[in-house]
Amino acid sequence: MTDSGILAEPAHIGTGSGGPLVVLENVNKWFGSLHVLKDINLTVHRGEVVVVIGPSGGGKSTLCRTINRLEPIDGGTITLDGKHLPEEGKELARLRADVGMVFQSFNLFAHKSVLENVTLGPTKVRKVGSADAEKEAMALLDRVGIGDQARKYPAQLSGGQQQRAAIARALAMRPKVMLFDEPTSALDPEMISEVLDVMTQLAREGMTMIVVTHEMGFARGAANRVVFMADGQIAEENTPQEFFTNARTDRAKDFLSKILTH
Amino acid sequence: MDWKQALFDFSPFWKQSGTVAAAFWATIRLSAMTGVLSLIVGTLLVAMRVSPTPVLRAAGTLYVNTLRNTPLTLVLLFCSLGLSDTLQFRLSQTSTVNYYWLAVFGFSAYTAAFVCEALRSGINTVPFGQAEAARAIGLTFTQSLRLVVLPQAFRAVIAPLGSVMIAMIKNSTVVLVASYIEASAQMKQMFEEFGATLPIFLGFAVGFMLLTLPTGFLFGWAAKRWAVLR
């Protein structure tokens with residue numbers, strides 16, 4: 001790759017440990033006349049943690065949601081572990097089972113206990129027996145530190161606990177990749193760190209993660225690569241170290257100056 | 001008839017207590033079966049109305065709009081006179097059994113349209129993120145409807161479903177046009193025999209309240225019991 005444009009990817013960027021897992025090629029998406037994703041090319045490797053940052057309305061969340069096709073795309077291709085995203089039906093459901101997703105608003109199933117939230121996918125999609133599913137769910141809930149809340153309903157938990165339960169629910173499917181769509185944006189400030197700690201731990205354990213966030217501390221500490229999105233394009237990508245100290249584009253410099261000075 | 005008899009004489013009920021009880025039992029049998037069937041059919045209809053398949057959606061919408069906007073009397077007459085007498089579509093050789101099931105089917109077909117609409121408003125109370133999260137863990141459309149969306153929709157509309165059920169029990173009086181003898185048919189019978197006296201009106205009104213008031217209480221209690229915390 002030549003070093004001619006700002007989109008050129010420097011060779012020294014950490015790429016995780018394995019081959020390509022999620023590959024987006026020339027992805028385009030419109031909301032009506034609004035062009036929200038413009039020719040997106042992005043490859044996420046196995047074991048890599050990619051943090052997507054950028055101003056609101058820049059297409060970060062949309063990008064994240066196209067990867068398990070919660071948002072269909074209008075052009076280009078997305079492949080997961082070498083397979084093209086199916087358009088709909090059972091095939092698509094099977095693919096989604098391999099992609100964990102954590103939402104800004106938690107979206108825990110309100111009529112089910114925390115434990116039932118975690119076991120629903122394994123029992124109904126993976127056809128795991130309920131005893132095994134519960135055992136594994138309890139282990140996951142312990143791992144995210146809310147084992148003692150397993151029998152409660154989502155509304156009885158704090159935001160931080162709900163989001164950790166949502167992470168456990170996604171992990172229970174043993175996903176190949178985890179998508180985080182602004183996982184801490186709806187949390188009270190004192191609960192952000194408990195969620196970020198779980199995510200950091202997950203990153204250390206080698207989970208492939210794509211994280212849309214405004215938490216620059218997490219980006220610095222846990223990411224292999226920072227992708228900066230603005231106006232529907234990937235304006236810049238680099239290692240966190242390079243990006244935060246030495247941003248190349250004016251758009252990124254402007255963004256960083258606004259968020260790092262307060 | 002003197003005025004004391006017209007206003008205070010409850011003796012017709014003692015004279016015919018057996019047939020009155022049988023008539024109310026007929027109302028209960030009709031309403032209970034219709035309640036169960038209309039809930040099942042209404043659930044299937046709402047699944048059609050929110051499905052991603054346009055043909056199913058259109059069929060569900062057509063059904064609901066047709067049945068909901070046709071007078072119940074017409075639906076029931078179609079079942080009894082049209083299906084049974086004219087087209088010779090019989091569900092049993094025994095006349096009373098035949099008319100019971102025809103009445104149940106007509107009545108359920110009609111009530112299901114209202115159950116469907118109550119449920120559909122319930123679906124609108126379930127946040128969109130619930131369905132997204134269901135899809136994100138790999139549930140198919142049918143699974144996410146059955147396991148995540150409908151259970152929450154049901155709980156949201158238990159109280160309005162209670163109103164649908166109360167209306168259904170009272171609507172059962174219309175079934176008399178379909179040759180099925182229930183409480184209101186018995187009342188007409190007694191009017192002819194004893195005159196349309198106030199005690200007979202009151203007696204049957206109270207009889208219906210004994211069915212509808214507990215239904216309302218039951219659904220009200222269930223609505224609180226199974227409310228979804230958000």
# chains A, B, ... in the order shown; residues from 1 in each chain; ligands from 1
$ interface_residues --of "chain A" --to "chain B" --cutoff "10 Å" --atoms "only C-alpha atoms" --output "PDB file with C-alpha atoms, in the first residue's frame"
ATOM      1  CA  ARG A  65     -24.969  -2.376  13.405  1.00  0.00           C
ATOM      2  CA  ASN A  68     -24.720  -8.283  12.226  1.00  0.00           C
ATOM      3  CA  ARG A  69     -27.120  -6.791   9.722  1.00  0.00           C
ATOM      4  CA  LEU A  70     -29.378  -5.041  12.191  1.00  0.00           C
ATOM      5  CA  GLU A  88     -32.342 -12.915   5.827  1.00  0.00           C
ATOM      6  CA  GLY A  89     -33.987 -15.970   7.326  1.00  0.00           C
ATOM      7  CA  LYS A  90     -32.415 -18.819   9.294  1.00  0.00           C
ATOM      8  CA  GLU A  91     -28.966 -18.298   7.735  1.00  0.00           C
ATOM      9  CA  LEU A  92     -28.864 -14.755   9.020  1.00  0.00           C
ATOM     10  CA  ALA A  93     -30.059 -15.849  12.467  1.00  0.00           C
ATOM     11  CA  ARG A  94     -27.236 -18.409  12.581  1.00  0.00           C
ATOM     12  CA  LEU A  95     -24.693 -15.759  11.711  1.00  0.00           C
ATOM     13  CA  ARG A  96     -26.027 -13.390  14.338  1.00  0.00           C
ATOM     14  CA  ALA A  97     -25.595 -16.105  16.938  1.00  0.00           C
ATOM     15  CA  ASP A  98     -21.848 -15.898  16.248  1.00  0.00           C
ATOM     16  CA  VAL A  99     -21.758 -12.128  16.682  1.00  0.00           C
ATOM     17  CA  GLY A 100     -22.268 -10.814  20.190  1.00  0.00           C
ATOM     18  CA  MET A 101     -23.876  -7.404  20.475  1.00  0.00           C
ATOM     19  CA  VAL A 102     -24.045  -5.033  23.413  1.00  0.00           C
ATOM     20  CA  PHE A 103     -26.396  -2.065  23.076  1.00  0.00           C
ATOM     21  CA  GLN A 104     -26.296   1.416  24.515  1.00  0.00           C
ATOM     22  CA  SER A 105     -29.673   0.858  26.204  1.00  0.00           C
ATOM     23  CA  PHE A 106     -28.852  -2.692  27.441  1.00  0.00           C
ATOM     24  CA  ASN A 107     -32.037  -4.170  25.955  1.00  0.00           C
ATOM     25  CA  LEU A 108     -32.240  -6.967  28.483  1.00  0.00           C
ATOM     26  CA  PHE A 109     -35.481  -8.927  28.076  1.00  0.00           C
ATOM     27  CA  ALA A 110     -37.674  -7.148  30.606  1.00  0.00           C
ATOM     28  CA  HIS A 111     -39.967 -10.092  31.386  1.00  0.00           C
ATOM     29  CA  LYS A 112     -37.146 -12.531  32.117  1.00  0.00           C
ATOM     30  CA  ASN A 117     -31.753 -13.580  29.787  1.00  0.00           C
ATOM     31  CA  VAL A 118     -28.395 -15.318  29.606  1.00  0.00           C
ATOM     32  CA  LEU A 120     -32.333 -17.962  26.377  1.00  0.00           C
ATOM     33  CA  GLY A 121     -29.926 -17.884  23.429  1.00  0.00           C
ATOM     34  CA  PRO A 122     -27.956 -21.037  24.310  1.00  0.00           C
ATOM     35  CA  LYS A 124     -33.205 -21.851  22.001  1.00  0.00           C
ATOM     36  CA  VAL A 125     -30.535 -21.222  19.369  1.00  0.00           C
ATOM     37  CA  ARG A 126     -27.690 -23.573  20.320  1.00  0.00           C
ATOM     38  CA  TYR A 153     -35.338  -8.868  36.918  1.00  0.00           C
ATOM     39  CA  PRO A 154     -33.498  -6.303  34.793  1.00  0.00           C
ATOM     40  CA  ALA A 155     -35.497  -3.356  36.178  1.00  0.00           C
ATOM     41  CA  GLN A 156     -34.252  -4.226  39.694  1.00  0.00           C
ATOM     42  CA  ALA A 166     -26.040  -7.868  28.716  1.00  0.00           C
ATOM     43  CA  ARG A 169     -25.860 -12.677  27.619  1.00  0.00           C
ATOM     44  CA  ALA A 170     -23.797 -11.986  24.505  1.00  0.00           C
ATOM     45  CA  LEU A 171     -20.846 -14.077  25.727  1.00  0.00           C
ATOM     46  CA  ALA A 172     -23.115 -17.047  26.449  1.00  0.00           C
ATOM     47  CA  MET A 173     -23.434 -17.570  22.698  1.00  0.00           C
ATOM     48  CA  PRO A 175     -19.393 -15.406  19.764  1.00  0.00           C
TER      49      PRO A 175
END
$ residues_around --residues "Ile73 (chain A)" --least-positions-apart "5" --cutoff "10 Å" --atoms "only C-alpha atoms" --output "list in words"
Val27, Asn28, Lys29, Trp30, Leu37, Thr62, Leu63, Arg65, Thr66, Ile67, Ile78 and Glu87 of chain A
$ write_last_selection --atoms "N, CA, C and O atoms" --output "CSV table (one decimal), in the first residue's frame"
chain,number,residue,atom,x,y,z
A,27,VAL,N,-18.4,-0.6,1.7
A,27,VAL,CA,-19.8,-0.6,2.2
A,27,VAL,C,-20.4,0.8,2.2
A,27,VAL,O,-19.8,1.8,2.6
A,28,ASN,N,-21.6,0.9,1.6
A,28,ASN,CA,-22.4,2.1,1.5
A,28,ASN,C,-23.7,1.9,2.1
A,28,ASN,O,-24.3,0.9,2.0
A,29,LYS,N,-24.2,3.0,2.7
A,29,LYS,CA,-25.6,3.0,3.2
A,29,LYS,C,-26.2,4.4,3.2
A,29,LYS,O,-25.5,5.4,3.5
A,30,TRP,N,-27.4,4.4,2.8
A,30,TRP,CA,-28.2,5.6,2.9
A,30,TRP,C,-29.4,5.5,3.8
A,30,TRP,O,-30.0,4.5,3.9
A,37,LEU,N,-23.0,5.9,5.4
A,37,LEU,CA,-21.7,5.2,5.3
A,37,LEU,C,-21.2,5.3,3.8
A,37,LEU,O,-21.9,5.0,2.9
A,62,THR,N,-24.0,3.1,13.2
A,62,THR,CA,-24.6,2.5,12.0
A,62,THR,C,-23.6,1.4,11.5
A,62,THR,O,-24.0,0.3,11.1
A,63,LEU,N,-22.3,1.8,11.4
A,63,LEU,CA,-21.3,0.8,11.0
A,63,LEU,C,-21.3,-0.4,11.9
A,63,LEU,O,-21.3,-1.5,11.4
A,65,ARG,N,-23.7,-1.6,13.6
A,65,ARG,CA,-25.0,-2.4,13.4
A,65,ARG,C,-25.1,-3.1,12.0
A,65,ARG,O,-25.8,-4.0,11.9
A,66,THR,N,-24.3,-2.6,11.1
A,66,THR,CA,-24.3,-3.3,9.8
A,66,THR,C,-23.6,-4.7,9.9
A,66,THR,O,-23.9,-5.6,9.1
A,67,ILE,N,-22.7,-4.8,10.9
A,67,ILE,CA,-21.9,-6.1,11.0
A,67,ILE,C,-22.7,-7.3,11.3
A,67,ILE,O,-22.4,-8.4,10.9
A,78,ILE,N,-19.9,-7.4,3.2
A,78,ILE,CA,-19.4,-7.7,4.5
A,78,ILE,C,-19.2,-9.2,4.7
A,78,ILE,O,-20.2,-9.9,4.4
A,87,GLU,N,-28.7,-12.6,3.6
A,87,GLU,CA,-29.7,-11.5,3.6
A,87,GLU,C,-30.7,-11.6,4.6
A,87,GLU,O,-31.1,-10.6,5.2
$ residues_around --residues "region 43-58 of chain A" --least-positions-apart "3" --cutoff "7 Å" --atoms "only C-alpha atoms" --output "JSON, numbers by chain"
{"A": [15, 16, 17, 18, 19, 20, 21, 22, 23, 24, 203, 206, 207, 208, 209, 210, 211, 212, 213, 214, 219, 223, 224, 225, 226, 227, 228, 229, 230, 231, 232]}
$ select_by_dssp --residues "region 58-245 of chain A" --states "helix (DSSP H, G or I)" --output "compact mmCIF listing (two decimals) with N, CA, C and O atoms, in the first residue's frame"
# COMPACT_ATOMS: atom_id res chain seq x y z
N LYS A 60 -20.77 5.95 13.24
CA LYS A 60 -20.14 4.89 14.05
C LYS A 60 -21.10 3.77 14.40
O LYS A 60 -20.83 2.60 14.18
N SER A 61 -22.25 4.16 14.99
CA SER A 61 -23.22 3.15 15.41
C SER A 61 -23.77 2.39 14.22
O SER A 61 -23.92 1.17 14.28
N THR A 62 -24.05 3.11 13.16
CA THR A 62 -24.57 2.45 11.96
C THR A 62 -23.58 1.41 11.46
O THR A 62 -23.96 0.28 11.14
N LEU A 63 -22.30 1.79 11.44
CA LEU A 63 -21.26 0.84 11.01
C LEU A 63 -21.29 -0.42 11.87
O LEU A 63 -21.29 -1.54 11.37
N CYS A 64 -21.37 -0.20 13.18
CA CYS A 64 -21.39 -1.32 14.11
C CYS A 64 -22.59 -2.22 13.84
O CYS A 64 -22.48 -3.45 13.82
N ARG A 65 -23.73 -1.61 13.57
CA ARG A 65 -24.97 -2.38 13.40
C ARG A 65 -25.06 -3.08 12.05
O ARG A 65 -25.85 -4.01 11.90
N THR A 66 -24.25 -2.64 11.08
CA THR A 66 -24.29 -3.35 9.80
C THR A 66 -23.61 -4.71 9.90
O THR A 66 -23.89 -5.60 9.11
N GLY A 89 -33.57 -14.61 7.00
CA GLY A 89 -33.99 -15.97 7.33
C GLY A 89 -33.06 -16.68 8.32
O GLY A 89 -32.35 -16.04 9.09
N LYS A 90 -33.12 -18.00 8.32
CA LYS A 90 -32.42 -18.82 9.29
C LYS A 90 -30.90 -18.64 9.20
O LYS A 90 -30.20 -18.65 10.19
N GLU A 91 -30.40 -18.49 7.95
CA GLU A 91 -28.97 -18.30 7.74
C GLU A 91 -28.47 -17.07 8.49
O GLU A 91 -27.44 -17.11 9.17
N LEU A 92 -29.25 -16.00 8.36
CA LEU A 92 -28.86 -14.75 9.02
C LEU A 92 -28.91 -14.93 10.54
O LEU A 92 -28.01 -14.48 11.25
N ALA A 93 -29.94 -15.61 11.03
CA ALA A 93 -30.06 -15.85 12.47
C ALA A 93 -28.84 -16.61 12.97
O ALA A 93 -28.29 -16.31 14.03
N ARG A 94 -28.40 -17.60 12.19
CA ARG A 94 -27.24 -18.41 12.58
C ARG A 94 -25.98 -17.54 12.66
O ARG A 94 -25.18 -17.67 13.57
N LEU A 95 -25.86 -16.64 11.68
CA LEU A 95 -24.69 -15.76 11.71
C LEU A 95 -24.73 -14.84 12.92
O LEU A 95 -23.71 -14.64 13.59
N ARG A 96 -25.92 -14.31 13.21
CA ARG A 96 -26.03 -13.39 14.34
C ARG A 96 -25.67 -14.07 15.65
O ARG A 96 -25.17 -13.43 16.58
N ALA A 97 -25.93 -15.37 15.72
CA ALA A 97 -25.60 -16.11 16.94
C ALA A 97 -24.09 -16.08 17.19
O ALA A 97 -23.63 -16.16 18.32
N VAL A 114 -32.45 -12.17 35.09
CA VAL A 114 -31.10 -12.03 34.53
C VAL A 114 -30.59 -13.37 34.02
O VAL A 114 -30.07 -13.50 32.91
N LEU A 115 -30.79 -14.42 34.84
CA LEU A 115 -30.32 -15.75 34.45
C LEU A 115 -31.02 -16.22 33.17
O LEU A 115 -30.38 -16.74 32.25
N GLU A 116 -32.34 -16.01 33.10
CA GLU A 116 -33.09 -16.42 31.91
C GLU A 116 -32.65 -15.64 30.67
O GLU A 116 -32.65 -16.16 29.55
N ASN A 117 -32.28 -14.37 30.89
CA ASN A 117 -31.75 -13.58 29.79
C ASN A 117 -30.52 -14.24 29.19
O ASN A 117 -30.35 -14.28 27.98
N VAL A 118 -29.66 -14.74 30.07
CA VAL A 118 -28.39 -15.32 29.61
C VAL A 118 -28.60 -16.71 28.99
O VAL A 118 -27.92 -17.07 28.04
N THR A 119 -29.56 -17.48 29.51
CA THR A 119 -29.73 -18.85 29.01
C THR A 119 -30.61 -18.93 27.78
O THR A 119 -30.61 -19.96 27.09
N LEU A 120 -31.37 -17.88 27.49
CA LEU A 120 -32.33 -17.96 26.38
C LEU A 120 -31.67 -18.34 25.05
O LEU A 120 -32.10 -19.27 24.37
N GLY A 121 -30.60 -17.61 24.69
CA GLY A 121 -29.93 -17.88 23.43
C GLY A 121 -29.35 -19.29 23.36
O GLY A 121 -29.66 -20.05 22.44
N PRO A 122 -28.53 -19.69 24.35
CA PRO A 122 -27.96 -21.04 24.31
C PRO A 122 -29.02 -22.14 24.21
O PRO A 122 -28.86 -23.09 23.45
N THR A 123 -30.13 -22.02 24.96
CA THR A 123 -31.12 -23.10 24.93
C THR A 123 -31.94 -23.09 23.64
O THR A 123 -32.22 -24.14 23.08
N LYS A 124 -32.30 -21.90 23.16
CA LYS A 124 -33.20 -21.85 22.00
C LYS A 124 -32.47 -21.84 20.67
O LYS A 124 -33.02 -22.27 19.66
N SER A 130 -30.95 -27.23 29.49
CA SER A 130 -31.12 -26.08 30.38
C SER A 130 -30.20 -26.15 31.60
O SER A 130 -29.75 -25.11 32.09
N ALA A 131 -29.89 -27.36 32.08
CA ALA A 131 -28.99 -27.46 33.23
C ALA A 131 -27.58 -26.96 32.87
O ALA A 131 -26.98 -26.17 33.60
N ASP A 132 -27.09 -27.40 31.71
CA ASP A 132 -25.77 -26.95 31.25
C ASP A 132 -25.76 -25.45 31.00
O ASP A 132 -24.81 -24.74 31.37
N ALA A 133 -26.84 -24.98 30.36
CA ALA A 133 -26.92 -23.56 30.04
C ALA A 133 -26.90 -22.72 31.32
O ALA A 133 -26.23 -21.69 31.38
N GLU A 134 -27.63 -23.19 32.35
CA GLU A 134 -27.67 -22.44 33.61
C GLU A 134 -26.31 -22.42 34.29
O GLU A 134 -25.90 -21.40 34.85
N LYS A 135 -25.64 -23.56 34.24
CA LYS A 135 -24.33 -23.64 34.87
C LYS A 135 -23.37 -22.65 34.22
O LYS A 135 -22.68 -21.88 34.88
N GLU A 136 -23.38 -22.67 32.89
CA GLU A 136 -22.49 -21.76 32.16
C GLU A 136 -22.89 -20.30 32.39
O GLU A 136 -22.04 -19.43 32.55
N ALA A 137 -24.21 -20.06 32.42
CA ALA A 137 -24.69 -18.69 32.63
C ALA A 137 -24.24 -18.18 34.00
O ALA A 137 -23.79 -17.03 34.13
N MET A 138 -24.34 -19.04 35.02
CA MET A 138 -23.91 -18.62 36.35
C MET A 138 -22.42 -18.30 36.37
O MET A 138 -21.99 -17.33 36.99
N ALA A 139 -21.63 -19.13 35.66
CA ALA A 139 -20.19 -18.88 35.60
C ALA A 139 -19.92 -17.52 34.94
O ALA A 139 -19.09 -16.74 35.40
N LEU A 140 -20.67 -17.22 33.86
CA LEU A 140 -20.48 -15.94 33.18
C LEU A 140 -20.92 -14.77 34.05
O LEU A 140 -20.25 -13.73 34.10
N LEU A 141 -22.04 -14.95 34.76
CA LEU A 141 -22.52 -13.87 35.62
C LEU A 141 -21.54 -13.62 36.77
O LEU A 141 -21.30 -12.48 37.16
N ASP A 142 -20.95 -14.70 37.28
CA ASP A 142 -19.91 -14.53 38.30
C ASP A 142 -18.72 -13.78 37.72
O ASP A 142 -18.13 -12.91 38.36
N ARG A 143 -18.39 -14.13 36.48
CA ARG A 143 -17.23 -13.51 35.84
C ARG A 143 -17.42 -12.00 35.67
O ARG A 143 -16.48 -11.23 35.81
N GLY A 147 -23.15 -12.46 39.86
CA GLY A 147 -23.71 -13.78 40.12
C GLY A 147 -24.84 -13.74 41.14
O GLY A 147 -25.81 -14.48 41.06
N ASP A 148 -24.72 -12.83 42.13
CA ASP A 148 -25.73 -12.76 43.18
C ASP A 148 -27.02 -12.08 42.72
O ASP A 148 -27.99 -12.01 43.47
N GLN A 149 -27.04 -11.54 41.50
CA GLN A 149 -28.24 -10.86 41.00
C GLN A 149 -29.01 -11.75 40.02
O GLN A 149 -29.98 -11.29 39.41
N PRO A 154 -34.35 -7.40 35.23
CA PRO A 154 -33.50 -6.30 34.79
C PRO A 154 -33.82 -4.96 35.47
O PRO A 154 -32.92 -4.24 35.88
N ALA A 155 -35.12 -4.66 35.63
CA ALA A 155 -35.50 -3.36 36.18
C ALA A 155 -35.03 -3.19 37.63
O ALA A 155 -34.99 -2.07 38.13
N GLN A 156 -34.69 -4.31 38.29
CA GLN A 156 -34.25 -4.23 39.69
C GLN A 156 -32.74 -3.99 39.80
O GLN A 156 -32.22 -3.88 40.91
N GLY A 159 -27.89 0.42 36.25
CA GLY A 159 -27.50 0.44 34.84
C GLY A 159 -26.22 -0.35 34.57
O GLY A 159 -26.14 -1.12 33.62
N GLY A 160 -25.24 -0.17 35.46
CA GLY A 160 -23.97 -0.87 35.28
C GLY A 160 -24.14 -2.38 35.36
O GLY A 160 -23.56 -3.13 34.58
N GLN A 161 -24.98 -2.81 36.32
CA GLN A 161 -25.23 -4.25 36.45
C GLN A 161 -25.98 -4.78 35.24
O GLN A 161 -25.70 -5.87 34.74
N GLN A 162 -26.95 -3.98 34.74
CA GLN A 162 -27.70 -4.42 33.56
C GLN A 162 -26.77 -4.59 32.37
O GLN A 162 -26.87 -5.56 31.61
N GLN A 163 -25.85 -3.63 32.20
CA GLN A 163 -24.97 -3.72 31.04
C GLN A 163 -24.02 -4.91 31.18
O GLN A 163 -23.71 -5.58 30.18
N ARG A 164 -23.60 -5.20 32.39
CA ARG A 164 -22.73 -6.38 32.57
C ARG A 164 -23.51 -7.66 32.29
O ARG A 164 -22.99 -8.62 31.73
N ALA A 165 -24.80 -7.66 32.70
CA ALA A 165 -25.65 -8.82 32.38
C ALA A 165 -25.79 -8.96 30.86
O ALA A 165 -25.77 -10.08 30.32
N ALA A 166 -25.91 -7.83 30.18
CA ALA A 166 -26.04 -7.87 28.72
C ALA A 166 -24.77 -8.42 28.07
O ALA A 166 -24.83 -9.15 27.08
N ILE A 167 -23.62 -8.09 28.66
CA ILE A 167 -22.36 -8.63 28.14
C ILE A 167 -22.33 -10.15 28.36
O ILE A 167 -21.97 -10.91 27.46
N ALA A 168 -22.78 -10.58 29.55
CA ALA A 168 -22.82 -12.03 29.83
C ALA A 168 -23.77 -12.73 28.85
O ALA A 168 -23.47 -13.82 28.35
N ARG A 169 -24.90 -12.09 28.56
CA ARG A 169 -25.86 -12.68 27.62
C ARG A 169 -25.22 -12.88 26.25
O ARG A 169 -25.41 -13.92 25.60
N ALA A 170 -24.45 -11.88 25.81
CA ALA A 170 -23.80 -11.99 24.50
C ALA A 170 -22.71 -13.05 24.53
O ALA A 170 -22.56 -13.86 23.60
N LEU A 171 -21.95 -13.11 25.63
CA LEU A 171 -20.85 -14.08 25.73
C LEU A 171 -21.35 -15.52 25.78
O LEU A 171 -20.66 -16.44 25.35
N PRO A 189 -22.14 8.18 35.66
CA PRO A 189 -20.67 8.20 35.62
C PRO A 189 -20.01 7.19 36.54
O PRO A 189 -19.03 6.55 36.16
N GLU A 190 -20.58 6.99 37.74
CA GLU A 190 -19.89 6.09 38.68
C GLU A 190 -20.01 4.62 38.28
O GLU A 190 -19.41 3.75 38.90
N MET A 191 -20.83 4.33 37.26
CA MET A 191 -20.99 2.93 36.85
C MET A 191 -20.22 2.60 35.58
O MET A 191 -20.20 1.45 35.15
N ILE A 192 -19.61 3.61 34.99
CA ILE A 192 -18.93 3.38 33.72
C ILE A 192 -17.75 2.43 33.90
O ILE A 192 -17.56 1.50 33.12
N SER A 193 -17.00 2.64 34.99
CA SER A 193 -15.76 1.87 35.11
C SER A 193 -16.01 0.38 35.31
O SER A 193 -15.26 -0.45 34.81
N GLU A 194 -17.11 0.03 36.02
CA GLU A 194 -17.36 -1.40 36.24
C GLU A 194 -17.62 -2.12 34.92
O GLU A 194 -17.29 -3.29 34.76
N VAL A 195 -18.23 -1.40 33.96
CA VAL A 195 -18.47 -2.00 32.65
C VAL A 195 -17.17 -2.03 31.83
O VAL A 195 -16.84 -3.05 31.20
N LEU A 196 -16.43 -0.94 31.89
CA LEU A 196 -15.17 -0.89 31.13
C LEU A 196 -14.17 -1.93 31.65
O LEU A 196 -13.43 -2.52 30.86
N ASP A 197 -14.19 -2.17 32.96
CA ASP A 197 -13.29 -3.20 33.52
C ASP A 197 -13.58 -4.57 32.90
O ASP A 197 -12.66 -5.30 32.55
N VAL A 198 -14.88 -4.89 32.81
CA VAL A 198 -15.26 -6.18 32.21
C VAL A 198 -14.78 -6.24 30.76
O VAL A 198 -14.25 -7.25 30.29
N MET A 199 -14.94 -5.13 30.04
CA MET A 199 -14.55 -5.09 28.63
C MET A 199 -13.04 -5.21 28.47
O MET A 199 -12.54 -5.90 27.58
N THR A 200 -12.32 -4.54 29.36
CA THR A 200 -10.86 -4.60 29.30
C THR A 200 -10.37 -6.02 29.55
O THR A 200 -9.48 -6.53 28.86
N GLN A 201 -10.99 -6.66 30.54
CA GLN A 201 -10.65 -8.04 30.86
C GLN A 201 -10.88 -8.95 29.64
O GLN A 201 -10.04 -9.77 29.28
N LEU A 202 -12.03 -8.71 28.98
CA LEU A 202 -12.39 -9.48 27.80
C LEU A 202 -11.37 -9.29 26.69
O LEU A 202 -10.95 -10.25 26.02
N ALA A 203 -10.92 -8.05 26.53
CA ALA A 203 -9.92 -7.75 25.50
C ALA A 203 -8.62 -8.48 25.81
O ALA A 203 -7.99 -9.05 24.92
N ARG A 204 -8.24 -8.50 27.09
CA ARG A 204 -6.99 -9.19 27.48
C ARG A 204 -7.07 -10.67 27.20
O ARG A 204 -6.08 -11.32 26.90
N MET A 216 -12.20 7.57 25.91
CA MET A 216 -10.86 7.62 25.34
C MET A 216 -9.86 6.83 26.18
O MET A 216 -8.89 6.29 25.66
N GLY A 217 -10.13 6.75 27.49
CA GLY A 217 -9.26 5.96 28.36
C GLY A 217 -9.25 4.50 27.94
O GLY A 217 -8.20 3.86 27.88
N PHE A 218 -10.45 3.98 27.62
CA PHE A 218 -10.56 2.60 27.17
C PHE A 218 -9.83 2.43 25.84
O PHE A 218 -9.11 1.44 25.62
N ALA A 219 -10.02 3.39 24.95
CA ALA A 219 -9.36 3.32 23.64
C ALA A 219 -7.84 3.26 23.81
O ALA A 219 -7.16 2.46 23.18
N ARG A 220 -7.33 4.09 24.68
CA ARG A 220 -5.88 4.11 24.93
C ARG A 220 -5.40 2.80 25.54
O ARG A 220 -4.38 2.25 25.16
N GLY A 221 -6.17 2.32 26.51
CA GLY A 221 -5.69 1.20 27.30
C GLY A 221 -5.92 -0.17 26.69
O GLY A 221 -5.13 -1.09 26.91
N ALA A 222 -6.99 -0.34 25.94
CA ALA A 222 -7.36 -1.69 25.53
C ALA A 222 -7.34 -1.92 24.03
O ALA A 222 -7.35 -3.05 23.57
N PRO A 240 -3.58 3.42 19.06
CA PRO A 240 -4.05 4.45 19.99
C PRO A 240 -2.94 5.45 20.32
O PRO A 240 -3.18 6.66 20.35
N GLN A 241 -1.76 4.93 20.57
CA GLN A 241 -0.63 5.78 20.91
C GLN A 241 -0.41 6.87 19.86
O GLN A 241 -0.39 8.05 20.16
N GLU A 242 -0.30 6.42 18.61
CA GLU A 242 -0.07 7.35 17.50
C GLU A 242 -1.24 8.29 17.33
O GLU A 242 -1.07 9.50 17.14
N PHE A 243 -2.47 7.73 17.38
CA PHE A 243 -3.64 8.54 17.10
C PHE A 243 -3.80 9.67 18.11
O PHE A 243 -4.03 10.81 17.75
N PHE A 244 -3.64 9.34 19.39
CA PHE A 244 -3.90 10.36 20.41
C PHE A 244 -2.78 11.38 20.52
O PHE A 244 -3.00 12.51 20.94
N THR A 245 -1.55 10.99 20.16
CA THR A 245 -0.46 11.96 20.28
C THR A 245 -0.14 12.63 18.96
O THR A 245 0.42 13.72 18.93
$ residues_around --residues "region 80-90 of chain B" --least-positions-apart "6" --cutoff "10 Å" --atoms "only C-alpha atoms" --output "list in words"
Leu74, Val97, Asn98, Tyr99, Tyr100, Trp101, Leu102, Ala103, Gly106, Val175, Val177, Ala178, Ser179 and Tyr180 of chain B
$ residues_around --residues "Gln189 (chain B)" --least-positions-apart "4" --cutoff "12 Å" --atoms "only C-alpha atoms" --output "JSON, numbers by chain"
{"B": [12, 16, 19, 20, 23, 176, 181, 182, 183, 184, 185, 193, 194, 195, 196, 200]}
$ atom_distance --atom1 "CA of Thr96 (chain B)" --atom2 "CA of Leu39 (chain B)"
24.5 Å
$ residues_around --residues "region 52-64 of chain B" --least-positions-apart "4" --cutoff "9 Å" --atoms "only C-alpha atoms" --output "PyMOL selection string"
chain B and resi 44-48+68-69+110+112-114+116-117+141
$ atom_distance --atom1 "CA of Thr212 (chain B)" --atom2 "CA of Lys188 (chain B)"
20.6 Å
$ atom_distance --atom1 "CA of Ala109 (chain B)" --atom2 "CA of Phe217 (chain B)"
25.3 Å
$ closest_residue --among "A:Ile234, A:Val128, A:Leu42, A:Val36" --to "Thr79 (chain A)" --atoms "only C-alpha atoms"
A:Leu42
